[in-house]
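Raw model09.cif, mmCIF, C-alpha atoms:
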data_upload
#
loop_
_atom_site.label_atom_id
_atom_site.label_comp_id
_atom_site.auth_asym_id
_atom_site.auth_seq_id
_atom_site.Cartn_x
_atom_site.Cartn_y
_atom_site.Cartn_z
CA MET A 225 15.77 22.85 -1.01
CA GLN A 226 13.89 19.98 -2.60
CA THR A 227 16.15 19.22 -5.55
CA PRO A 228 14.65 16.92 -8.17
CA ILE A 229 17.31 15.18 -10.27
CA SER A 230 16.97 13.38 -13.67
CA ALA A 231 14.82 10.41 -14.85
CA TYR A 232 13.93 8.31 -11.81
CA LYS A 233 15.84 10.82 -9.77
CA ARG A 234 13.73 13.62 -11.21
CA LEU A 235 10.96 12.33 -9.00
CA THR A 236 13.00 11.48 -5.95
CA TYR A 237 13.64 13.84 -3.09
CA TYR A 238 16.39 12.82 -0.75
CA ARG A 239 15.86 13.79 2.80
CA LYS A 240 17.60 16.85 4.10
CA LYS A 241 17.10 17.73 7.73
CA SER A 242 13.47 17.74 8.67
CA MET A 243 12.13 18.00 5.16
CA ILE A 244 8.92 16.34 4.11
CA PRO A 245 7.82 17.31 0.57
CA ASP A 246 4.83 19.64 0.55
CA LYS A 247 2.95 17.24 -1.73
CA VAL A 248 3.22 14.53 0.92
CA LYS A 249 1.79 16.91 3.50
CA GLU A 250 -1.03 17.74 1.09
CA ILE A 251 -1.82 14.05 0.60
CA LEU A 252 -1.95 13.47 4.35
CA LYS A 253 -4.70 16.10 4.57
CA LYS A 254 -6.89 14.13 2.13
CA ASP A 255 -8.92 11.00 2.75
CA GLY A 256 -6.96 7.88 1.86
CA ILE A 257 -5.12 4.78 2.92
CA VAL A 258 -1.38 4.31 3.56
CA ALA A 259 0.47 1.03 2.94
CA ILE A 260 3.52 0.02 4.99
CA ALA A 261 5.70 -2.85 3.76
CA THR A 262 8.27 -4.65 5.89
CA LEU A 263 10.42 -7.68 5.31
CA GLY A 264 10.71 -10.50 7.82
CA GLN A 265 12.12 -13.98 7.86
CA ASP A 266 8.78 -15.23 6.49
CA GLY A 267 8.85 -12.75 3.61
CA PRO A 268 7.24 -9.35 3.08
CA HIS A 269 4.26 -8.10 5.04
CA LEU A 270 1.91 -5.22 4.28
CA VAL A 271 -0.27 -3.24 6.68
CA ASN A 272 -2.37 -0.11 6.36
CA THR A 273 -3.22 3.01 8.19
CA TRP A 274 -5.28 6.06 7.20
CA ASN A 275 -3.75 9.26 5.83
CA SER A 276 -5.47 11.13 8.65
CA TYR A 277 -3.66 9.04 11.31
CA VAL A 278 -0.13 10.03 10.27
CA ARG A 279 1.60 12.80 12.20
CA ILE A 280 4.87 14.54 11.32
CA SER A 281 7.32 15.12 14.16
CA ALA A 282 9.26 18.37 14.50
CA ASP A 283 12.35 16.59 13.14
CA GLY A 284 10.54 15.24 10.07
CA ARG A 285 9.71 11.67 11.03
CA LEU A 286 6.38 10.06 10.25
CA LEU A 287 4.61 8.97 13.44
CA ILE A 288 1.96 6.30 12.94
CA PRO A 289 -0.27 4.82 15.66
CA ALA A 290 0.06 1.04 15.95
CA GLY A 291 -2.97 -0.78 17.34
CA TYR A 292 -2.01 -4.25 16.17
CA MET A 293 0.90 -4.43 13.68
CA HIS A 294 2.56 -7.26 15.62
CA ARG A 295 4.07 -8.84 12.54
CA THR A 296 5.29 -5.44 11.32
CA GLU A 297 6.95 -4.94 14.70
CA ALA A 298 8.65 -8.35 14.53
CA ASN A 299 9.82 -7.60 10.99
CA VAL A 300 11.20 -4.20 11.96
CA ALA A 301 13.18 -5.84 14.77
CA PHE A 302 14.65 -8.14 12.12
CA ASN A 303 15.11 -5.46 9.43
CA PRO A 304 14.23 -1.79 10.13
CA GLU A 305 13.85 -0.85 6.47
CA VAL A 306 10.29 -0.01 5.46
CA LEU A 307 8.56 1.08 2.29
CA ILE A 308 5.51 3.29 2.53
CA THR A 309 3.12 4.36 -0.19
CA LEU A 310 0.44 6.98 0.04
CA GLY A 311 -1.51 9.02 -2.42
CA SER A 312 -4.64 10.90 -3.25
CA SER A 313 -6.65 11.36 -6.40
CA LYS A 314 -7.46 14.83 -5.07
CA VAL A 315 -3.90 16.20 -5.20
CA GLU A 316 -2.34 17.21 -8.50
CA GLY A 317 0.34 14.81 -9.70
CA LEU A 318 2.81 14.40 -12.52
CA ARG A 319 0.14 13.64 -15.10
CA GLY A 320 -2.79 15.71 -13.90
CA ALA A 321 -5.13 14.81 -11.05
CA GLY A 322 -3.88 12.26 -8.57
CA THR A 323 -0.50 11.78 -7.03
CA GLY A 324 1.34 9.16 -5.02
CA PHE A 325 4.65 8.74 -3.25
CA LEU A 326 6.93 5.85 -2.40
CA ILE A 327 8.82 6.58 0.81
CA LYS A 328 11.84 4.59 1.91
CA GLY A 329 12.87 4.82 5.51
CA LYS A 330 13.89 3.15 8.72
CA ALA A 331 11.34 2.30 11.36
CA ALA A 332 11.22 1.86 15.11
CA PHE A 333 8.43 0.95 17.53
CA ILE A 334 8.24 3.33 20.47
CA THR A 335 6.15 2.55 23.53
CA SER A 336 6.88 5.49 25.83
CA GLY A 337 8.13 9.06 25.82
CA PRO A 338 7.13 12.10 23.74
CA ASP A 339 6.65 10.27 20.40
CA PHE A 340 4.27 7.87 22.13
CA ASP A 341 2.46 10.50 24.19
CA LEU A 342 1.91 12.73 21.16
CA LEU A 343 -0.22 10.06 19.49
CA LYS A 344 -1.76 8.63 22.64
CA SER A 345 -3.87 11.76 23.09
CA SER A 346 -5.44 11.32 19.63
CA PHE A 347 -5.48 7.51 19.51
CA PRO A 348 -6.20 6.10 22.98
CA TRP A 349 -6.12 2.55 21.54
CA LEU A 350 -2.52 2.69 20.36
CA ARG A 351 -0.02 0.27 21.86
CA ALA A 352 3.01 1.84 20.18
CA THR A 353 4.11 4.61 17.87
CA LEU A 354 5.63 3.39 14.64
CA ALA A 355 8.21 6.10 13.93
CA VAL A 356 9.64 6.19 10.41
CA THR A 357 12.72 8.24 9.56
CA PRO A 358 12.39 8.85 5.81
CA GLU A 359 15.42 8.48 3.58
CA SER A 360 13.81 9.25 0.22
CA PHE A 361 10.50 10.27 -1.26
CA THR A 362 9.75 9.25 -4.85
CA GLN A 363 6.74 10.76 -6.56
CA THR A 364 5.31 7.90 -8.60
CA LEU A 365 2.15 9.44 -10.02
CA MET B 71 -19.76 -19.50 0.58
CA GLN B 72 -17.54 -16.92 2.23
CA THR B 73 -16.79 -18.73 5.47
CA PRO B 74 -15.15 -16.59 8.13
CA ILE B 75 -13.33 -18.73 10.70
CA SER B 76 -12.04 -17.73 14.20
CA ALA B 77 -9.48 -15.12 15.36
CA TYR B 78 -7.21 -14.18 12.46
CA LYS B 79 -9.15 -16.66 10.41
CA ARG B 80 -12.36 -14.86 11.31
CA LEU B 81 -11.20 -12.14 8.99
CA THR B 82 -9.69 -14.26 6.26
CA TYR B 83 -11.56 -15.57 3.27
CA TYR B 84 -9.82 -18.29 1.36
CA ARG B 85 -10.49 -18.27 -2.29
CA LYS B 86 -13.03 -20.68 -3.66
CA LYS B 87 -13.55 -20.68 -7.38
CA SER B 88 -14.09 -17.21 -8.73
CA MET B 89 -14.98 -15.62 -5.44
CA ILE B 90 -14.05 -12.06 -4.59
CA PRO B 91 -15.58 -10.82 -1.29
CA ASP B 92 -18.37 -8.32 -1.80
CA LYS B 93 -16.57 -5.83 0.47
CA VAL B 94 -13.59 -5.85 -1.88
CA LYS B 95 -15.89 -5.11 -4.80
CA GLU B 96 -17.44 -2.28 -2.79
CA ILE B 97 -14.01 -0.80 -2.05
CA LEU B 98 -13.07 -0.89 -5.72
CA LYS B 99 -16.08 1.31 -6.48
CA LYS B 100 -14.78 4.02 -4.12
CA ASP B 101 -12.00 6.52 -4.68
CA GLY B 102 -8.70 5.24 -3.30
CA ILE B 103 -5.24 3.90 -3.86
CA VAL B 104 -4.07 0.27 -4.06
CA ALA B 105 -0.62 -0.91 -2.95
CA ILE B 106 1.11 -3.90 -4.56
CA ALA B 107 4.16 -5.41 -2.84
CA THR B 108 6.59 -7.80 -4.51
CA LEU B 109 9.86 -9.31 -3.44
CA GLY B 110 12.94 -9.30 -5.64
CA GLN B 111 16.59 -10.07 -5.22
CA ASP B 112 17.10 -6.45 -4.11
CA GLY B 113 14.37 -6.70 -1.47
CA PRO B 114 10.73 -5.69 -1.42
CA HIS B 115 9.19 -3.17 -3.79
CA LEU B 116 5.91 -1.32 -3.55
CA VAL B 117 3.85 0.25 -6.34
CA ASN B 118 0.40 1.77 -6.54
CA THR B 119 -2.62 1.89 -8.73
CA TRP B 120 -6.05 3.44 -8.24
CA ASN B 121 -9.09 1.49 -7.01
CA SER B 122 -10.91 2.58 -10.15
CA TYR B 123 -8.26 0.95 -12.39
CA VAL B 124 -8.74 -2.59 -11.08
CA ARG B 125 -10.96 -4.95 -13.06
CA ILE B 126 -12.20 -8.39 -12.00
CA SER B 127 -12.05 -11.15 -14.60
CA ALA B 128 -14.86 -13.66 -15.03
CA ASP B 129 -12.74 -16.25 -13.19
CA GLY B 130 -12.05 -13.96 -10.24
CA ARG B 131 -8.60 -12.60 -10.94
CA LEU B 132 -7.66 -8.97 -10.38
CA LEU B 133 -6.55 -7.33 -13.62
CA ILE B 134 -4.44 -4.21 -13.17
CA PRO B 135 -3.09 -2.00 -15.97
CA ALA B 136 0.71 -1.67 -15.87
CA GLY B 137 2.13 1.51 -17.42
CA TYR B 138 5.56 1.28 -15.82
CA MET B 139 5.95 -1.31 -13.03
CA HIS B 140 9.22 -2.59 -14.52
CA ARG B 141 10.69 -3.51 -11.17
CA THR B 142 7.45 -5.21 -10.15
CA GLU B 143 7.60 -7.24 -13.36
CA ALA B 144 11.20 -8.26 -12.70
CA ASN B 145 10.30 -9.24 -9.13
CA VAL B 146 7.29 -11.29 -10.26
CA ALA B 147 9.53 -13.19 -12.68
CA PHE B 148 11.75 -13.99 -9.69
CA ASN B 149 8.92 -14.67 -7.22
CA PRO B 150 5.25 -14.54 -8.33
CA GLU B 151 3.87 -13.99 -4.83
CA VAL B 152 2.34 -10.57 -4.30
CA LEU B 153 0.64 -8.78 -1.44
CA ILE B 154 -2.01 -6.22 -2.21
CA THR B 155 -3.76 -3.82 0.14
CA LEU B 156 -6.76 -1.69 -0.63
CA GLY B 157 -9.35 0.07 1.42
CA SER B 158 -11.82 2.88 1.73
CA SER B 159 -12.92 5.04 4.60
CA LYS B 160 -16.32 5.11 2.87
CA VAL B 161 -17.09 1.38 3.26
CA GLU B 162 -18.16 -0.02 6.63
CA GLY B 163 -15.49 -2.11 8.30
CA LEU B 164 -14.99 -4.21 11.41
CA ARG B 165 -14.96 -1.22 13.74
CA GLY B 166 -17.34 1.19 12.04
CA ALA B 167 -16.57 3.36 9.04
CA GLY B 168 -13.59 2.38 6.97
CA THR B 169 -12.38 -0.99 5.84
CA GLY B 170 -9.29 -2.49 4.29
CA PHE B 171 -8.12 -5.83 2.93
CA LEU B 172 -4.82 -7.63 2.59
CA ILE B 173 -4.86 -9.89 -0.46
CA LYS B 174 -2.27 -12.59 -1.04
CA GLY B 175 -1.95 -13.96 -4.52
CA LYS B 176 0.21 -14.96 -7.42
CA ALA B 177 0.90 -12.53 -10.24
CA ALA B 178 1.71 -12.67 -13.93
CA PHE B 179 2.40 -9.98 -16.53
CA ILE B 180 0.34 -10.49 -19.68
CA THR B 181 1.10 -8.56 -22.87
CA SER B 182 -1.41 -10.00 -25.34
CA GLY B 183 -4.70 -11.88 -25.52
CA PRO B 184 -8.06 -11.25 -23.85
CA ASP B 185 -6.73 -10.17 -20.42
CA PHE B 186 -4.59 -7.57 -22.17
CA ASP B 187 -7.25 -6.44 -24.64
CA LEU B 188 -9.86 -6.03 -21.90
CA LEU B 189 -7.78 -3.32 -20.22
CA LYS B 190 -6.30 -1.83 -23.39
CA SER B 191 -9.67 -0.37 -24.36
CA SER B 192 -9.89 1.56 -21.05
CA PHE B 193 -6.18 2.28 -20.58
CA PRO B 194 -4.53 2.95 -23.95
CA TRP B 195 -1.20 3.62 -22.20
CA LEU B 196 -0.86 0.18 -20.66
CA ARG B 197 2.08 -1.95 -21.65
CA ALA B 198 0.89 -5.07 -19.82
CA THR B 199 -1.89 -6.44 -17.67
CA LEU B 200 -0.78 -7.42 -14.20
CA ALA B 201 -3.08 -10.38 -13.46
CA VAL B 202 -3.31 -11.49 -9.84
CA THR B 203 -4.89 -14.79 -8.85
CA PRO B 204 -5.94 -14.24 -5.23
CA GLU B 205 -5.32 -16.96 -2.65
CA SER B 206 -6.70 -15.21 0.43
CA PHE B 207 -8.42 -12.00 1.45
CA THR B 208 -7.93 -10.77 5.01
CA GLN B 209 -10.11 -7.95 6.24
CA THR B 210 -7.77 -5.85 8.38
CA LEU B 211 -9.96 -2.89 9.31
#

What does the file become when written as structure tokens?
Amino acid sequence: MQTPISAYKRLTYYRKKSMIPDKVKEILKKDGIVAIATLGQDGPHLVNTWNSYVRISADGRLLIPAGYMHRTEANVAFNPEVLITLGSSKVEGLRGAGTGFLIKGKAAFITSGPDFDLLKSSFPWLRATLAVTPESFTQTL
Amino acid sequence: MQTPISAYKRLTYYRKKSMIPDKVKEILKKDGIVAIATLGQDGPHLVNTWNSYVRISADGRLLIPAGYMHRTEANVAFNPEVLITLGSSKVEGLRGAGTGFLIKGKAAFITSGPDFDLLKSSFPWLRATLAVTPESFTQTL
């Protein structure tokens, strides 16, 4: 199912259907911070959320509550490609304790409907759901 | 010394001399993961290190051991501007528990001399020191 392939590729899982690597799910259960990079006309921008805030939709997207993230939203409108990193020193990685992933995907801001409502119940302050459809997961640590 | 100024600016500390905000130093003492974004000709790239790996030089630069980070190095040669985020749920932030910072700075890869030797003793696997001269620190959480 999750087929690792050679060198760089050895560590990269390409998305098939609603697949999120189990290690990523494990990381999301641990305390930690997530970084989300976007590219706009003014250059790259980086924002954070907590591991514990990220939800996985039934079809394998990452759903992230956006409280502010105005510049990220503007960047995504310009270029939907996002890079996400997350990790935990408490999950076993490639070289012992600690693992991290680089996720490439395409993002959208959603302000109504089921993807919004799902998060609204847990995060009453959210103004939008940042929904990321992952294209690849690279284990970096 | 650390003068917070209005709205966005309220949260942003501009660098004066060798100043690193105390909150950033506190975060670096906690378990967590750091994200480093660079921009190359192929677009943005994101890598990670651990909070515990970051050292602060006497003149207030962030010194980060680079084991791989080849694409980051290539990007920095193309454009030295980097964005760094770090945070900890264990340090008090703007809205209670948990804080994070966005750091903008300029980066260089250093492969010999004191900045290299300083890290080499702790990280025998490093191939270079990624030295970041911070220009601003924005507390985001």

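Of the residues under consideration (B:Asn118, B:Ser127, B:Glu162, B:Glu143), B:Glu162 shows the shortest atom-to-atom contact distance to Lys100 of chain B when counting only C-alpha atoms.
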
Legend entry - Contacts of Gly110 of chain B at 12 Å (all atoms listed in the file; same-chain gap of 5+ positions) as a PyMOL selection string: (chain A and resi 263+267-268) or (chain B and resi 115-116+140-152)

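Going from atom CA of Ile126 of chain B to atom CA of Ser192 of chain B covers 13.6 Å.
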
Legend entry - Shell around Ser159 of chain B at 10 Å using all atoms listed in the file, local window under 3 positions removed, as a ChimeraX atom specification: /A:255-257,274 /B:97,100-102,162-163,166-170,211

Legend entry - Selected residue of minimal separation from chain B among A:Arg285, A:Lys314, A:Lys253, A:Lys344, counting all atoms listed in the file: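 Closest candidate: A:Lys314.
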